[in-house]
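One structure is given here, and the rest of the page talks about it.
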Amino acid sequence: VSRSIHALRRLPQTPVSSSSPGDAKRKRVAVVVLGDIGRSPRMQNHAHSIATCKELNSDVCLVGYDSSKPHARIRTNPNITVCPLLPPLVDPYRKLFPTKLGFLVFAFLKLFEQTAGLFLVLALMPRLTAIVVQNPPSIPTLLVVN
C-alpha cells in the first residue's frame with residue numbers, strides 16, 4: 001500500500017489549467033487492471049491513448065499489480081502514474097490446503113484482500129473523472145468502482 005500511496009502523491013491534487021484559453025481543465029482517469037500491468041498490453045494501450053489524446057487532456061493512473069515492467073512508453077510518459085496494488089498475501093499459502101474447501105476459503109480470502117486493496121487505492125486518489133476497467137475479472141473490480 002505504501003508504494004501506491006507514494007505513486008498517488010505524484011498525481012496532481014488540483015486541476016491544472018491548460019496553456020490554451022479554450023481548453024478545459026485536466027481530467028483524471030484511472031485505468032484499473034486486476035492483474036499484472038506489464039502483462040496487460042491492451043490496458044497499457046488504453047492508458048497511453050488516454051494520456052496522449054489532446055482532446056481528453058487527462059492524467060492517467062494505471063492501477064494493477066507490478067510484477068513485470070510496463071512498456072517503456074508507459075514508464076516514461078509524464079501523464080501516466082503507475083499505482084501498484086500489493087499482491088494478495090494469501091497466494092503463497094493456497095497450496096498448503098489442496099482440498100475443495102481449502103480452495104473456497106482461499107478464494108474468499110483473496111477476493112476480500114483484492115477488494116480491500118483496490119478500494120483503498122481508489123479511495124486515496126484525487127477525484128477521478130472516469131475509470132476504465134478491465135473485464136474480466138468483474139469481481140471485485142466492478143463492485144469497488146461503483
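Residues in the C-alpha cells are numbered from 1 in each chain, the chains being A, B, ... in the order shown, and ligands are numbered from 1 in the order shown.
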Point to revise | Picked from chain A by DSSP as alpha helix (DSSP H), as a ChimeraX atom specification | key: /A:2-9,41-52,72-75,100-124,141-145
Check your understanding: Can you list, as a ChimeraX atom specification, every protein, DNA or RNA residue that comes within 10 Å of Ile139 of chain A when you count only C-alpha atoms, leaving out same-chain residues fewer than 2 positions away?
Key -> /A:34,111,114-115,135-137,141-144
Review point. What residues in segment 9-98 of chain A get the DSSP label strand (DSSP E)? Please answer as a PyMOL selection string.
Key: chain A and resi 27-36+58-65+80-85
Review point. With only C-alpha atoms as the basis for distance, which of A:Arg73, A:Cys61, A:Leu118, A:Cys83 is at the shortest distance from Asn45 of chain A?
Key: A:Arg73
**Study point:** Shell around Asp66 of chain A at 12 Å using only C-alpha atoms, local window under 3 positions removed, as a list in words
**Key:** Arg3, Ser4, Val33, Leu34, Gly35, Asp36, Ile37, Gly38, Arg39, Ser40, Leu62, Val63, Lys69, Pro70, His71, Arg75, Val82, Cys83, Pro84, Leu85, Leu86 and Pro87 of chain A
Check your understanding: Which is closest to Ser138 of chain A among A:Val32, A:Pro92, A:Asn57, A:Lys110, if we use only C-alpha atoms?
Key ->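 Closest to Ser138 of chain A of all the choices is A:Val32.
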Practice item. Work out how far apart atom CA of Glu113 of chain A and atom CA of Ala47 of chain A are and give it in Å to one decimal. Key: 24.9 Å
Review point. Pro78 of chain A: which residues within 10 Å, counting only C-alpha atoms, same-chain residues fewer than 6 positions away excluded, as a list in words?
Key: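 Listed by chain and then number, they are Ala51, Thr52, Asp59 and Val60 of chain A.
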Filtering to C-alpha atoms, could you give me those residues as a PDB file, in the first residue's frame?
ATOM      1  CA  ALA A  51      -2.779  10.163 -21.688  1.00  0.00           C
ATOM      2  CA  THR A  52      -1.656  11.293 -25.141  1.00  0.00           C
ATOM      3  CA  ASP A  59      -3.667  12.466 -16.352  1.00  0.00           C
ATOM      4  CA  VAL A  60      -3.867   8.685 -16.042  1.00  0.00           C
TER       5      VAL A  60
END
**Study point:** Coordinates-based distance that separates atom CA of Ala72 of chain A from atom CA of Val29 of chain A (Å, one decimal)
**Key:**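 Between atom CA of Val29 of chain A and atom CA of Ala72 of chain A the gap is 19.8 Å.
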Study note, to complete from the structure: Of A:Gly64, A:Lys27, A:Leu56, A:Ser49, the one sitting nearest Val121 of chain A when using only C-alpha atoms is A:Gly64
